Amino acid sequence: MSTTTFPTKQIRMGIIGLGLIAEYHMRSLHTISGVSIVAVSDVNPHRLQAIGEQLQLPTSKRYAHYEALIRDPEVDAILSLTPNDVHFDIIRIALEEHKAVLAEKPLTLTWSEAGQLKKLYTANPVPLLVHYKHRYGAAFQYTKQLLDEHKLGKIYNIQFRYLMDAFSPYRQHPYTWRHNLAKAGSGVVGDTASHIIDLARFLIGEFKSVAALLHIITPERPDPVTGLPVKVDVEDLAAFHGIIGDNTVGTFITHKNAIGKRHDIEVDIYGELGTLHASLNNPESIRIVLRDLEHPDAEYETWAVPAIYNHTADGDFIKLARGEFVDRAPLFDDGYKNQWVLEKILQSWRENGRLVEV
Ligand SMILES: NC(=O)c1ccc[n+]([C@@H]2O[C@H](COP(=O)([O-])OP(=O)(O)OC[C@H]3O[C@@H](n4cnc5c(N)ncnc54)[C@H](O)[C@@H]3O)[C@@H](O)[C@H]2O)c1
């Protein structure tokens, strides 16, 4: 019997914003067959030239303005990797051009921008993946499977900690767009909290209410050029709680002043039948304890994460761009609903931490 193999559809990528996260995506894209990076854009001419040289792109494909890149007929799909104040316009033009977009989180700078995109997207949808990459963490994917199998029964409480040490004083991190409300929309709320909000929605369900406490640990940081102090006008610590899904209490804390935690997300899930612990830094196993009347003294066990959770956000995005099916991927609606939770966290804090409906 003869088999027919279909050639993989080539996807020609254009990358907008050539900073830190672009390095990650470029490494990831290079592992996927049938993908080529054909154009790049950055407002920083040095960065544009360096990455243009690295990718051996002709100068005609190194765009100073992202609009020309998105409208280039030789670009099929866009990676939108700029600071948050540019996300809306990139997605808006990509929708106009009907091109696939991988959108960095948060979806937009403001809730009002998300609302405008929702209308445009609903009228004319394109393949769009929002890069909540931690949803792809193997231990979190396995946790999702165990919860879907009701291993823990009804879930009473889910506790998330997303901690880093990038802003700890000993690192002397300079002032960047991340510390600027006009460029970032919020501090760690849109930055790291948006990831654990996505994980909570993925694992448990939609937010029903939220109450927040936001805090600035470091009120000024040195300008990277002059060294002079610049005022930070966004929070660098966020703690919040709320009701999620079927009456689960969610508790969350995130900041980047956690010395000893280079970069970790940890979750503890407490249900009627047991407790589960999973983390970003241990993708190979989860810890679980299951007790009942017959096993009242059962102890924590370590369960190996099956080696089946090996897909990536970039891999799923390329599948979407080719018109293929993807399962469990964070799509436009996830970005939109996530942005609503961010908006409600900011509202709660403006109202002195009141519990607000989501
Ligand atoms: N999903 C994740 O895990 C993750 C991790 C890090 C960053 N991010 C997101 O990625 C985005 C970029 O973050 P980063 O850490 O790479 O920032 P960065 O500051 O390292 O890089 C941003 C780049 O965008 C360029 N830029 C700025 N305005 C531009 C414009 N109008 N057109 C083209 N280029 C422009 C800058 O010159 C810079 O090179 C942010 O939205 C951030 O939230 C997501």
# chains A, B, ... in the order shown; residues from 1 in each chain; ligands from 1

call {"tool": "residues_around", "arguments": {"residues": "His195 in chain A", "least_positions_apart": "2", "cutoff": "8 Å", "atoms": "only C-alpha atoms", "output": "MDAnalysis selection string"}}
result
chainID A and resid 132:135 191:193 197:199

call {"tool": "write_last_selection", "arguments": {"atoms": "C-alpha atoms", "output": "compact mmCIF listing (two decimals), in the first residue's frame"}}
result
# COMPACT_ATOMS: atom_id res chain seq x y z
CA TYR A 132 1.36 32.34 28.34
CA LYS A 133 4.24 29.94 27.97
CA HIS A 134 4.07 28.48 31.48
CA ARG A 135 0.82 26.75 30.56
CA ASP A 191 4.04 40.87 33.84
CA THR A 192 4.17 37.81 36.12
CA ALA A 193 0.64 37.74 37.60
CA ILE A 197 -3.89 33.96 36.25
CA ASP A 198 -3.65 32.01 33.00
CA LEU A 199 -2.57 28.88 34.88

call {"tool": "closest_atom_pairs", "arguments": {"of": "range 186-224 of chain A", "to": "range 329-340 of chain A", "cutoff": "12 Å", "atoms": "only C-alpha atoms", "output": "tab-separated table"}}
result
residue	atom	partner	partner_atom	distance
A:Ser186	CA	A:Gln339	CA	11.4
A:Val189	CA	A:Gln339	CA	10.1
A:Gly190	CA	A:Gln339	CA	8.2
A:Asp191	CA	A:Gln339	CA	11.4
A:Ala193	CA	A:Asn338	CA	9.9
A:Ser194	CA	A:Asn338	CA	6.7
A:His195	CA	A:Asn338	CA	9.0
A:Ile196	CA	A:Asn338	CA	10.0
A:Ile197	CA	A:Asn338	CA	6.7
A:Asp198	CA	A:Asn338	CA	6.6
A:Leu199	CA	A:Pro330	CA	10.0
A:Ala200	CA	A:Asn338	CA	10.3
A:Arg201	CA	A:Asn338	CA	8.5
A:Phe202	CA	A:Pro330	CA	8.7
A:Gly205	CA	A:Lys337	CA	11.2
A:Glu206	CA	A:Lys337	CA	8.5
A:Phe207	CA	A:Lys337	CA	9.1
A:Lys208	CA	A:Trp340	CA	11.1
A:Ser209	CA	A:Trp340	CA	11.2
A:Val210	CA	A:Trp340	CA	11.1

call {"tool": "closest_residue", "arguments": {"among": "A:Thr110, A:Asn124, A:Ser36, A:Gln145", "to": "Pro306 in chain A", "atoms": "only C-alpha atoms"}}
result
A:Gln145

call {"tool": "residues_near_ligand", "arguments": {"ligand": "ligand 1", "cutoff": "6 Å", "atoms": "only C-alpha atoms and all ligand atoms", "output": "VMD selection string"}}
result
chain A and resid 16 to 22 41 to 44 65 to 66 81 to 84 86 104 to 105 131 to 133 191

call {"tool": "select_by_dssp", "arguments": {"residues": "range 177-302 of chain A", "states": "strand (DSSP E)", "output": "VMD selection string"}}
result
chain A and resid 209 to 215 220 to 222 229 to 231 237 to 244 248 to 255 263 to 271 274 to 279 285 to 290 301 to 302

call {"tool": "atom_distance", "arguments": {"atom1": "CA of Arg287 in chain A", "atom2": "CA of Ala166 in chain A"}}
result
27.4 Å

call {"tool": "residues_around", "arguments": {"residues": "range 148-164 of chain A", "least_positions_apart": "5", "cutoff": "10 Å", "atoms": "only C-alpha atoms", "output": "PyMOL selection string"}}
result
chain A and resi 142-143+192-193+195-197+199-200+203-204+237+239+241+243-280+288-291

call {"tool": "atom_distance", "arguments": {"atom1": "CA of Arg354 in chain A", "atom2": "CA of Leu213 in chain A"}}
result
9.4 Å

call {"tool": "closest_residue", "arguments": {"among": "A:Val35, A:Val341, A:Ile51, A:Val305", "to": "Lys319 in chain A", "atoms": "only C-alpha atoms"}}
result
A:Val35

call {"tool": "atom_distance", "arguments": {"atom1": "CA of Ile216 in chain A", "atom2": "CA of Ser348 in chain A"}}
result
16.2 Å

call {"tool": "residues_around", "arguments": {"residues": "Gln172 in chain A", "least_positions_apart": "3", "cutoff": "12 Å", "atoms": "only C-alpha atoms", "output": "PyMOL selection string"}}
result
chain A and resi 165-169+175+218+220-224+227+229+257

call {"tool": "residues_around", "arguments": {"residues": "Arg350 in chain A", "least_positions_apart": "6", "cutoff": "10 Å", "atoms": "only C-alpha atoms", "output": "PDB file with N, CA and C atoms, in the first residue's frame"}}
result
ATOM      1  N   ALA A 212      -7.193  42.741  45.805  1.00  0.00           N
ATOM      2  CA  ALA A 212      -5.741  42.845  45.600  1.00  0.00           C
ATOM      3  C   ALA A 212      -5.063  43.764  46.602  1.00  0.00           C
ATOM      4  N   LEU A 213      -3.782  43.454  46.858  1.00  0.00           N
ATOM      5  CA  LEU A 213      -2.894  44.356  47.587  1.00  0.00           C
ATOM      6  C   LEU A 213      -1.651  44.513  46.709  1.00  0.00           C
ATOM      7  N   LEU A 214      -1.427  45.741  46.215  1.00  0.00           N
ATOM      8  CA  LEU A 214      -0.269  46.002  45.357  1.00  0.00           C
ATOM      9  C   LEU A 214       0.706  46.879  46.132  1.00  0.00           C
ATOM     10  N   LYS A 344      -9.556  44.050  36.786  1.00  0.00           N
ATOM     11  CA  LYS A 344     -10.286  43.970  38.058  1.00  0.00           C
ATOM     12  C   LYS A 344      -9.320  44.005  39.245  1.00  0.00           C
TER      13      LYS A 344
END

call {"tool": "select_by_dssp", "arguments": {"residues": "range 47-232 of chain A", "states": "helix (DSSP H, G or I)", "output": "PyMOL selection string"}}
result
chain A and resi 47-54+59-61+66-70+84-97+111-123+133-136+138-148+169-171+177-179+181-184+188-203

call {"tool": "write_last_selection", "arguments": {"atoms": "C-alpha atoms", "output": "PDB file, in the first residue's frame"}}
result
ATOM      1  CA  ARG A  47      19.530  45.899  17.645  1.00  0.00           C
ATOM      2  CA  LEU A  48      17.902  45.818  14.185  1.00  0.00           C
ATOM      3  CA  GLN A  49      21.287  45.642  12.498  1.00  0.00           C
ATOM      4  CA  ALA A  50      22.728  43.047  14.907  1.00  0.00           C
ATOM      5  CA  ILE A  51      19.798  40.639  14.547  1.00  0.00           C
ATOM      6  CA  GLY A  52      19.502  41.366  10.803  1.00  0.00           C
ATOM      7  CA  GLU A  53      23.177  40.344  10.419  1.00  0.00           C
ATOM      8  CA  GLN A  54      22.760  37.317  12.666  1.00  0.00           C
ATOM      9  CA  THR A  59      18.506  45.331   4.540  1.00  0.00           C
ATOM     10  CA  SER A  60      15.128  45.592   2.741  1.00  0.00           C
ATOM     11  CA  LYS A  61      13.728  43.098   5.299  1.00  0.00           C
ATOM     12  CA  TYR A  66       6.478  47.438  12.318  1.00  0.00           C
ATOM     13  CA  GLU A  67       3.587  48.430  10.036  1.00  0.00           C
ATOM     14  CA  ALA A  68       5.693  47.923   6.887  1.00  0.00           C
ATOM     15  CA  LEU A  69       6.739  44.473   8.161  1.00  0.00           C
ATOM     16  CA  ILE A  70       3.163  43.391   8.868  1.00  0.00           C
ATOM     17  CA  ASN A  84       3.140  46.408  26.088  1.00  0.00           C
ATOM     18  CA  ASP A  85       2.210  49.866  24.711  1.00  0.00           C
ATOM     19  CA  VAL A  86       2.717  48.604  21.136  1.00  0.00           C
ATOM     20  CA  HIS A  87       0.803  45.286  21.382  1.00  0.00           C
ATOM     21  CA  PHE A  88      -2.600  46.734  20.427  1.00  0.00           C
ATOM     22  CA  ASP A  89      -1.499  48.403  17.193  1.00  0.00           C
ATOM     23  CA  ILE A  90       0.517  45.390  15.994  1.00  0.00           C
ATOM     24  CA  ILE A  91      -2.440  43.041  16.513  1.00  0.00           C
ATOM     25  CA  ARG A  92      -4.850  45.582  14.960  1.00  0.00           C
ATOM     26  CA  ILE A  93      -2.798  45.785  11.732  1.00  0.00           C
ATOM     27  CA  ALA A  94      -2.235  42.003  11.665  1.00  0.00           C
ATOM     28  CA  LEU A  95      -6.018  41.521  11.855  1.00  0.00           C
ATOM     29  CA  GLU A  96      -6.424  44.005   8.986  1.00  0.00           C
ATOM     30  CA  GLU A  97      -3.854  42.075   6.938  1.00  0.00           C
ATOM     31  CA  TRP A 111      -8.747  46.933  29.039  1.00  0.00           C
ATOM     32  CA  SER A 112     -10.210  49.455  26.585  1.00  0.00           C
ATOM     33  CA  GLU A 113      -7.703  48.326  23.922  1.00  0.00           C
ATOM     34  CA  ALA A 114      -8.645  44.681  24.572  1.00  0.00           C
ATOM     35  CA  GLY A 115     -12.305  45.577  23.990  1.00  0.00           C
ATOM     36  CA  GLN A 116     -11.489  47.210  20.645  1.00  0.00           C
ATOM     37  CA  LEU A 117      -9.479  44.151  19.560  1.00  0.00           C
ATOM     38  CA  LYS A 118     -12.297  41.822  20.603  1.00  0.00           C
ATOM     39  CA  LYS A 119     -14.650  43.551  18.135  1.00  0.00           C
ATOM     40  CA  LEU A 120     -12.094  43.436  15.296  1.00  0.00           C
ATOM     41  CA  TYR A 121     -11.118  39.825  16.061  1.00  0.00           C
ATOM     42  CA  THR A 122     -14.730  38.599  16.271  1.00  0.00           C
ATOM     43  CA  ALA A 123     -15.527  40.184  12.883  1.00  0.00           C
ATOM     44  CA  LYS A 133       4.237  29.940  27.965  1.00  0.00           C
ATOM     45  CA  HIS A 134       4.070  28.478  31.476  1.00  0.00           C
ATOM     46  CA  ARG A 135       0.817  26.748  30.564  1.00  0.00           C
ATOM     47  CA  TYR A 136       3.123  24.476  28.538  1.00  0.00           C
ATOM     48  CA  ALA A 138       5.032  19.652  31.763  1.00  0.00           C
ATOM     49  CA  ALA A 139       4.180  19.493  35.488  1.00  0.00           C
ATOM     50  CA  PHE A 140       1.267  21.910  34.959  1.00  0.00           C
ATOM     51  CA  GLN A 141      -0.002  19.946  31.952  1.00  0.00           C
ATOM     52  CA  TYR A 142       0.074  16.749  34.041  1.00  0.00           C
ATOM     53  CA  THR A 143      -1.665  18.562  36.897  1.00  0.00           C
ATOM     54  CA  LYS A 144      -4.413  19.577  34.463  1.00  0.00           C
ATOM     55  CA  GLN A 145      -4.844  15.934  33.454  1.00  0.00           C
ATOM     56  CA  LEU A 146      -5.065  14.764  37.090  1.00  0.00           C
ATOM     57  CA  LEU A 147      -7.629  17.470  37.907  1.00  0.00           C
ATOM     58  CA  ASP A 148      -9.675  16.537  34.814  1.00  0.00           C
ATOM     59  CA  PRO A 169      18.741  45.237  45.388  1.00  0.00           C
ATOM     60  CA  TYR A 170      21.970  43.230  44.983  1.00  0.00           C
ATOM     61  CA  ARG A 171      21.250  42.930  41.244  1.00  0.00           C
ATOM     62  CA  TRP A 177       9.928  50.263  30.366  1.00  0.00           C
ATOM     63  CA  ARG A 178       8.693  47.607  32.845  1.00  0.00           C
ATOM     64  CA  HIS A 179       8.825  50.271  35.594  1.00  0.00           C
ATOM     65  CA  LEU A 181       2.992  52.818  33.727  1.00  0.00           C
ATOM     66  CA  ALA A 182       2.587  54.437  30.281  1.00  0.00           C
ATOM     67  CA  LYS A 183       4.678  51.701  28.601  1.00  0.00           C
ATOM     68  CA  ALA A 184       3.721  48.679  30.707  1.00  0.00           C
ATOM     69  CA  VAL A 188       4.087  42.671  38.044  1.00  0.00           C
ATOM     70  CA  VAL A 189       0.294  42.480  37.547  1.00  0.00           C
ATOM     71  CA  GLY A 190       0.577  42.396  33.728  1.00  0.00           C
ATOM     72  CA  ASP A 191       4.039  40.868  33.844  1.00  0.00           C
ATOM     73  CA  THR A 192       4.170  37.814  36.116  1.00  0.00           C
ATOM     74  CA  ALA A 193       0.635  37.743  37.605  1.00  0.00           C
ATOM     75  CA  SER A 194      -0.846  37.385  34.091  1.00  0.00           C
ATOM     76  CA  HIS A 195       0.948  33.999  33.844  1.00  0.00           C
ATOM     77  CA  ILE A 196      -0.446  32.593  37.105  1.00  0.00           C
ATOM     78  CA  ILE A 197      -3.894  33.964  36.246  1.00  0.00           C
ATOM     79  CA  ASP A 198      -3.655  32.005  32.997  1.00  0.00           C
ATOM     80  CA  LEU A 199      -2.570  28.875  34.883  1.00  0.00           C
ATOM     81  CA  ALA A 200      -5.430  29.253  37.374  1.00  0.00           C
ATOM     82  CA  ARG A 201      -7.967  29.670  34.539  1.00  0.00           C
ATOM     83  CA  PHE A 202      -6.396  26.673  32.739  1.00  0.00           C
ATOM     84  CA  LEU A 203      -6.469  24.410  35.815  1.00  0.00           C
TER      85      LEU A 203
END

call {"tool": "closest_residue", "arguments": {"among": "A:Asn180, A:Thr31, A:Gln347, A:Asn281", "to": "Asp236 in chain A", "atoms": "only C-alpha atoms"}}
result
A:Asn180
